[in-house]
Protein chains: 2
Amino acid sequence: MKARPHVTLEDVARSANVSLATASRVLNGTASVRADLRERVSAAAAELAYAPNAHAQALAGGTHRTVGVICHDVSDPYFAAIAGGVMRVATDNGLLVMLAGTFRDPDREVAYVSTLRAQRAAAILLIGSAFEDRAWERAMAAELEPYRRGGGQVAAVSRHRGLKIDTVQPDNKGGAAELAKALVGLGHKRFAVLAGPRKLSTVIDRLAGFTDALAEHGITLREDDVIEGAFTRDGGYEATKRLLAGRKRKLPTCLFAVTDVMAIGAMTALREEGLSVPGDVSVAGFDDIPVVRDLAPALTTVRLPLEELGERAMDLAVKGSAGSRPRTVRLSGEVVLRDSTARPRR
Amino acid sequence: MKARPHVTLEDVARSANVSLATASRVLNGTASVRADLRERVSAAAAELAYAPNAHAQALAGGTHRTVGVICHDVSDPYFAAIAGGVMRVATDNGLLVMLAGTFRDPDREVAYVSTLRAQRAAAILLIGSAFEDRAWERAMAAELEPYRRGGGQVAAVSRHRGLKIDTVQPDNKGGAAELAKALVGLGHKRFAVLAGPRKLSTVIDRLAGFTDALAEHGITLREDDVIEGAFTRDGGYEATKRLLAGRKRKLPTCLFAVTDVMAIGAMTALREEGLSVPGDVSVAGFDDIPVVRDLAPALTTVRLPLEELGERAMDLAVKGSAGSRPRTVRLSGEVVLRDSTARPRR
DNA sequence: TGGATTCGAGAAAGCGCTTTCCGAGACTGC
DNA sequence: GCAGTCTCGGAAAGCGCTTTCTCGAATCCA
């Protein structure tokens, strides 16, 4: 059987012996139509397995029921959790979600926005850290601005204020500071930090919060106490190995990974090196992705309401922005002390 | 500034002082256009920040560069990993992915297919277990059949043969059998299985493979050795608690969870009950989702090439099916023995 | 230099749908 | 019984784009 043309509204109308207008009205419930005609149209549509052409509908001025979500990597639990929240709200609003993964390529991110703009998506959600990069920011703004002018909604999770868009902001700085305080409270004095790329605003904020809080307690983080790695499990793993290789002697008593995902890699690296957590080294992360409570030892971290982050962002987009001032929803984190941290033995 | 109409090709053409046709040709590189005109059009398009209306393009017979992917839950690491593979291939082919989460609601799944059909998606990918349900199957077929007749591609990961579509099949049965053999080889004789809902074909296959292999070694799995739970971490957790509550006395020496995700919940439950893994009970899972190697103890499981599963499925869809016979790609799993299993002490 | 070819730009016909705008019946009220 | 209302179905005008089709102009060869 050849790929034959789609069934169109016209086919339905003809089969039901009514005009296009009537068929359209019946199928959309737009206006009242005599019962028998309505019946005939419905029957014909079912009979032919008619599916309206969404493109034509959109073109004809109908609704755009799809939203675009852009994140770095779908398989990162952090994004996955947020995406879960986004999808719930989207589903509740009858919206279809287009999820794009940029694999951390700034250009690809811009390209996706462009495509979404072409799709006339009802909204675009940017999930995850922005790149602290002038050129990128300009390119992004160049896409976003016309999109919004055309009526598109934009919202972001965890972005810096460079582009002026509605944002749901987890309190990275505050959370990291609280965590630092708690760790100092346990008696730790020598820290190391596993940081992601310094281009990401999330990294910057968490690092700053942590460092500042430490400073308040008279603890200085030296430059080589901060190891930079990729924002992934492997990044955490390798960074930790590097840390360990660098200075077997004066190990820190506590290791803070700016991300749970990195912390997971770190813990495995430590274990492989025969170091026990929290016996030899305490480890703390950030985000509280679902799996970390199931680790042994369970990971101390800063709990972020991940799903809610996604839900609120989607809310912002759905509600639309009244004023021109970008709105910001702040969601605070909460330190969760689990078994991966303890009083230092040294 | 009011939400003013979008910039259209006509605006660009007018601004560049050429006809629509010419503008279209320049922007698509469809035909050769005199250099100066080409220049003018490009400039005008850039100036106006023109973004073609993808709906209009699609309507006018252009290409449909979006594919739909339907899975149960984005935040499940299993799906996330597969989705990662799907996205990679999609990106390589210049396709945009619409990822839908059904939250395990059969009706929602059918509804999504319907929507994707309306979008004239180039392909629809079904990821995850099918529901073993007559009515559902009919409804699904009623959507899929006209979709394919209209030229749509359909492919699935891990589905049963009910609907006749191209499929990438992990060898659930074989993998489970191999695992069973390996566990018996370690000396285990008393097993318990944490199964998901029996409606899912994946559960059925893995259970069958495991049970049969056990039987070959003269070990019978009694009905109450199989505990059913939700196909999630919590499902595994609760099922394990139930198992433990039921019979403190005669504990199995080995626990097989049909899914890594469930195994994770199980291990936490065991730990909470003061049981050590693998000291008191060995635990094995299935899938080898990325995180399980980072657990302590690292989880014994059957490794499935998750990303490849997604890639191959997308491949099938991209390549299109020549014959009418549904193709099946079989991918086998591989038992990975890690620290969560050991010789039984009892 | 003239006629045959190319080449490239513009006009116009859809793609499948929604939505005014109209007009034809079916009513109402006096 | 007839003007005045009210319903409701149909014709037709787009929505923004791609793609023939057409035709004028530029190029070529003899």
# chains A, B, ... in the order shown; residues from 1 in each chain; ligands from 1
>>> interface_residues(of="chain A", to="chain D", cutoff="10 Å", atoms="only C-alpha atoms (C1' of nucleotides)", output="ChimeraX atom specification")
/A:18-22,31-34,37,56-62
>>> write_last_selection(atoms="C-alpha atoms", output="mmCIF file, in the first residue's frame")
data_model
loop_
_atom_site.group_PDB
_atom_site.id
_atom_site.type_symbol
_atom_site.label_atom_id
_atom_site.label_comp_id
_atom_site.auth_asym_id
_atom_site.auth_seq_id
_atom_site.Cartn_x
_atom_site.Cartn_y
_atom_site.Cartn_z
ATOM 1 C CA VAL A 18 -21.733 18.698 4.660
ATOM 2 C CA SER A 19 -19.540 21.689 4.072
ATOM 3 C CA LEU A 20 -16.051 22.132 5.417
ATOM 4 C CA ALA A 21 -17.282 24.812 7.750
ATOM 5 C CA THR A 22 -19.825 22.533 9.321
ATOM 6 C CA ALA A 31 -20.794 26.481 17.216
ATOM 7 C CA SER A 32 -24.048 24.631 17.562
ATOM 8 C CA VAL A 33 -24.832 22.298 14.745
ATOM 9 C CA ARG A 34 -28.004 20.361 14.160
ATOM 10 C CA LEU A 37 -25.385 16.625 10.957
ATOM 11 C CA ALA A 56 -2.882 23.736 9.228
ATOM 12 C CA GLN A 57 -4.695 24.440 12.448
ATOM 13 C CA ALA A 58 -1.825 26.461 13.753
ATOM 14 C CA LEU A 59 -1.526 28.316 10.485
ATOM 15 C CA ALA A 60 -5.175 29.149 10.383
ATOM 16 C CA GLY A 61 -4.760 30.995 13.600
ATOM 17 C CA GLY A 62 -5.603 28.163 15.893
#
>>> interface_residues(of="chain C", to="chain B", cutoff="12 Å", atoms="only C-alpha atoms (C1' of nucleotides)", output="PDB file with C-alpha atoms (C1' of nucleotides), in the first residue's frame")
ATOM      1  C1'  DC C   7      18.783  31.466 -16.873  1.00  0.00           C
ATOM      2  C1'  DG C   8      16.463  33.538 -13.311  1.00  0.00           C
ATOM      3  C1'  DA C   9      12.579  36.342 -11.318  1.00  0.00           C
ATOM      4  C1'  DG C  10       7.707  36.931 -10.582  1.00  0.00           C
ATOM      5  C1'  DA C  11       2.747  35.459 -10.595  1.00  0.00           C
ATOM      6  C1'  DA C  12      -0.194  32.282  -8.835  1.00  0.00           C
ATOM      7  C1'  DA C  13      -1.859  27.938  -7.293  1.00  0.00           C
ATOM      8  C1'  DG C  14      -2.303  25.360  -3.638  1.00  0.00           C
ATOM      9  C1'  DC C  15      -1.239  22.851   1.416  1.00  0.00           C
ATOM     10  C1'  DG C  16      -5.609  21.952   5.273  1.00  0.00           C
ATOM     11  C1'  DC C  17      -7.758  24.419   8.330  1.00  0.00           C
TER      12       DC C  17
END
>>> closest_atom_pairs(of="chain B", to="chain A", cutoff="8 Å", atoms="only C-alpha atoms", output="CSV")
residue,atom,partner,partner_atom,distance
B:Met1,CA,A:Arg149,CA,7.6
B:Lys2,CA,A:Arg149,CA,7.5
B:Ala3,CA,A:Gly151,CA,5.0
B:Arg4,CA,A:Gly150,CA,5.7
B:Pro5,CA,A:Gly150,CA,5.9
B:His6,CA,A:Gly150,CA,5.3
B:Ala49,CA,A:Pro146,CA,6.7
B:Ala51,CA,A:Ala118,CA,5.6
B:Pro52,CA,A:Ala118,CA,5.5
B:Asn53,CA,A:Ala118,CA,4.9
B:Ala54,CA,A:Ala118,CA,5.0
B:His55,CA,A:His55,CA,4.6
B:Ala56,CA,A:Leu59,CA,6.1
B:Ala58,CA,A:His55,CA,6.7
B:Leu59,CA,A:His55,CA,6.1
B:Asp73,CA,A:Gly84,CA,7.5
B:Val74,CA,A:Ala80,CA,6.0
B:Ser75,CA,A:Ala80,CA,4.5
B:Asp76,CA,A:Ala80,CA,7.7
B:Pro77,CA,A:Ser75,CA,6.7
B:Ala80,CA,A:Ser75,CA,4.5
B:Ala81,CA,A:Ser75,CA,5.3
B:Ala83,CA,A:Val74,CA,7.2
B:Gly84,CA,A:Ser75,CA,5.9
B:Met87,CA,A:Gly101,CA,7.0
B:Leu96,CA,A:Ala100,CA,7.3
B:Val97,CA,A:Met98,CA,6.1
B:Met98,CA,A:Met98,CA,3.9
B:Leu99,CA,A:Leu99,CA,5.5
B:Ala100,CA,A:Val97,CA,6.4
B:Gly101,CA,A:Met87,CA,7.0
B:Ser114,CA,A:Ala51,CA,7.3
B:Arg117,CA,A:Ala51,CA,6.9
B:Ala118,CA,A:Asn53,CA,4.9
B:Gln119,CA,A:Ala54,CA,5.0
B:Arg120,CA,A:Asn53,CA,7.0
B:Ala142,CA,A:Ala49,CA,7.6
B:Glu143,CA,A:Ala49,CA,7.6
B:Pro146,CA,A:Ala49,CA,6.7
B:Arg148,CA,A:Ala3,CA,7.8
B:Arg149,CA,A:Ala3,CA,5.5
B:Gly150,CA,A:His6,CA,5.3
B:Gly151,CA,A:Ala3,CA,5.0
B:Ile264,CA,A:Asp294,CA,6.7
B:Gly265,CA,A:Asp294,CA,7.1
B:Met267,CA,A:Asp294,CA,7.8
B:Thr268,CA,A:Asp294,CA,5.8
B:Asp294,CA,A:Thr268,CA,5.8
B:Leu295,CA,A:Leu295,CA,5.7
B:Ala296,CA,A:Ala296,CA,5.5
B:Pro297,CA,A:Ala296,CA,7.9
>>> write_last_selection(atoms="N, CA and C atoms", output="compact mmCIF listing (two decimals), in the first residue's frame")
# COMPACT_ATOMS: atom_id res chain seq x y z
N MET B 1 5.05 47.43 24.44
CA MET B 1 4.97 46.97 23.03
C MET B 1 3.99 45.80 22.88
N LYS B 2 3.01 45.98 22.04
CA LYS B 2 2.00 44.93 21.87
C LYS B 2 2.61 43.72 21.17
N ALA B 3 1.97 42.60 21.42
CA ALA B 3 2.39 41.39 20.72
C ALA B 3 1.99 41.56 19.26
N ARG B 4 2.91 42.03 18.49
CA ARG B 4 2.55 42.28 17.10
C ARG B 4 2.81 41.04 16.26
N PRO B 5 2.14 41.00 15.12
CA PRO B 5 2.25 39.81 14.29
C PRO B 5 3.70 39.47 13.98
N HIS B 6 3.91 38.22 13.68
CA HIS B 6 5.24 37.76 13.35
C HIS B 6 5.73 38.37 12.04
N ALA B 49 15.05 39.87 11.80
CA ALA B 49 15.08 38.69 12.67
C ALA B 49 13.99 37.72 12.25
N ALA B 51 12.04 34.54 11.23
CA ALA B 51 12.06 33.10 11.50
C ALA B 51 10.90 32.50 10.73
N PRO B 52 11.18 31.62 9.81
CA PRO B 52 10.11 31.06 8.99
C PRO B 52 9.09 30.36 9.87
N ASN B 53 7.88 30.38 9.47
CA ASN B 53 6.83 29.69 10.21
C ASN B 53 6.84 28.22 9.82
N ALA B 54 7.31 27.43 10.76
CA ALA B 54 7.47 26.00 10.47
C ALA B 54 6.15 25.35 10.10
N HIS B 55 5.06 25.87 10.66
CA HIS B 55 3.76 25.28 10.33
C HIS B 55 3.43 25.51 8.86
N ALA B 56 3.66 26.73 8.44
CA ALA B 56 3.39 27.04 7.04
C ALA B 56 4.28 26.21 6.14
N ALA B 58 5.56 23.30 6.77
CA ALA B 58 5.09 21.92 6.77
C ALA B 58 3.85 21.80 5.91
N LEU B 59 2.97 22.77 6.04
CA LEU B 59 1.72 22.74 5.28
C LEU B 59 2.00 22.78 3.79
N ASP B 73 8.15 7.71 31.86
CA ASP B 73 8.55 8.69 32.86
C ASP B 73 9.96 9.19 32.55
N VAL B 74 10.06 10.45 32.24
CA VAL B 74 11.35 11.01 31.88
C VAL B 74 12.37 10.88 32.98
N SER B 75 11.91 10.94 34.21
CA SER B 75 12.88 10.98 35.30
C SER B 75 13.33 9.59 35.73
N ASP B 76 12.88 8.59 35.04
CA ASP B 76 13.38 7.26 35.31
C ASP B 76 14.70 7.10 34.55
N PRO B 77 15.76 6.78 35.25
CA PRO B 77 17.09 6.71 34.62
C PRO B 77 17.13 5.77 33.42
N ALA B 80 15.67 7.72 30.64
CA ALA B 80 16.54 8.85 30.39
C ALA B 80 17.74 8.42 29.56
N ALA B 81 18.30 7.27 29.91
CA ALA B 81 19.48 6.79 29.18
C ALA B 81 19.11 6.48 27.73
N ALA B 83 16.62 7.68 26.08
CA ALA B 83 16.28 8.95 25.44
C ALA B 83 17.55 9.67 25.00
N GLY B 84 18.60 9.53 25.81
CA GLY B 84 19.87 10.14 25.44
C GLY B 84 20.34 9.63 24.09
N MET B 87 18.18 10.97 21.27
CA MET B 87 18.45 12.37 20.95
C MET B 87 19.73 12.55 20.16
N LEU B 96 14.07 17.30 15.40
CA LEU B 96 13.71 17.83 16.70
C LEU B 96 12.90 16.77 17.42
N VAL B 97 13.21 16.57 18.68
CA VAL B 97 12.52 15.53 19.42
C VAL B 97 11.44 16.08 20.33
N MET B 98 10.26 15.51 20.25
CA MET B 98 9.22 15.84 21.20
C MET B 98 9.12 14.67 22.14
N LEU B 99 9.46 14.92 23.39
CA LEU B 99 9.46 13.82 24.34
C LEU B 99 8.23 13.91 25.23
N ALA B 100 7.48 12.86 25.27
CA ALA B 100 6.27 12.87 26.07
C ALA B 100 6.36 11.84 27.18
N GLY B 101 5.89 12.20 28.34
CA GLY B 101 5.86 11.26 29.46
C GLY B 101 4.42 10.90 29.75
N SER B 114 -1.96 10.24 19.13
CA SER B 114 -2.92 10.99 18.33
C SER B 114 -2.41 12.40 18.06
N ARG B 117 0.40 12.42 15.69
CA ARG B 117 -0.12 12.18 14.35
C ARG B 117 -0.61 13.50 13.76
N ALA B 118 -1.29 14.25 14.57
CA ALA B 118 -1.78 15.54 14.12
C ALA B 118 -0.62 16.46 13.74
N GLN B 119 0.47 16.34 14.48
CA GLN B 119 1.64 17.17 14.20
C GLN B 119 2.35 16.70 12.95
N ARG B 120 1.91 15.60 12.41
CA ARG B 120 2.57 15.02 11.25
C ARG B 120 4.04 14.76 11.56
N ALA B 142 -5.35 1.51 16.21
CA ALA B 142 -6.26 2.38 15.47
C ALA B 142 -5.62 3.74 15.20
N GLU B 143 -4.68 4.14 16.05
CA GLU B 143 -3.97 5.38 15.83
C GLU B 143 -2.77 5.16 14.91
N PRO B 146 -3.40 4.29 10.69
CA PRO B 146 -3.57 5.40 9.76
C PRO B 146 -2.34 6.30 9.70
N ARG B 148 0.79 5.38 9.88
CA ARG B 148 1.77 4.78 8.99
C ARG B 148 1.28 4.80 7.55
N ARG B 149 -0.01 4.64 7.38
CA ARG B 149 -0.55 4.69 6.04
C ARG B 149 -0.26 6.05 5.43
N GLY B 150 -0.25 7.05 6.30
CA GLY B 150 0.04 8.40 5.82
C GLY B 150 1.52 8.67 5.67
N GLY B 151 2.32 7.63 5.85
CA GLY B 151 3.75 7.81 5.63
C GLY B 151 4.57 7.97 6.89
N ILE B 264 17.47 -0.71 43.61
CA ILE B 264 17.99 0.38 44.44
C ILE B 264 17.10 0.57 45.66
N GLY B 265 15.80 0.61 45.43
CA GLY B 265 14.87 0.73 46.54
C GLY B 265 15.01 -0.46 47.48
N MET B 267 17.63 -2.34 48.08
CA MET B 267 18.84 -2.30 48.88
C MET B 267 18.71 -1.34 50.05
N THR B 268 18.06 -0.23 49.81
CA THR B 268 17.85 0.70 50.91
C THR B 268 16.94 0.07 51.97
N ASP B 294 27.92 2.96 40.93
CA ASP B 294 28.40 3.85 41.99
C ASP B 294 27.79 3.53 43.34
N LEU B 295 26.92 2.56 43.38
CA LEU B 295 26.34 2.20 44.66
C LEU B 295 27.39 1.45 45.47
N ALA B 296 27.16 1.40 46.74
CA ALA B 296 28.06 0.61 47.58
C ALA B 296 27.19 -0.35 48.38
N PRO B 297 27.20 -1.61 48.12
CA PRO B 297 28.01 -2.27 47.09
C PRO B 297 27.45 -2.02 45.69
>>> select_by_dssp(residues="segment 157-323 of chain B", states="strand (DSSP E)", output="ChimeraX atom specification")
/B:157,166-170,191-195,226-228,254-257,282-284,301-303
>>> atom_distance(atom1="atom C1' of DC22 of chain C", atom2="atom CA of Arg38 of chain A")
21.7 Å
>>> atom_distance(atom1="atom CA of Arg206 of chain A", atom2="atom CA of Glu178 of chain A")
10.7 Å
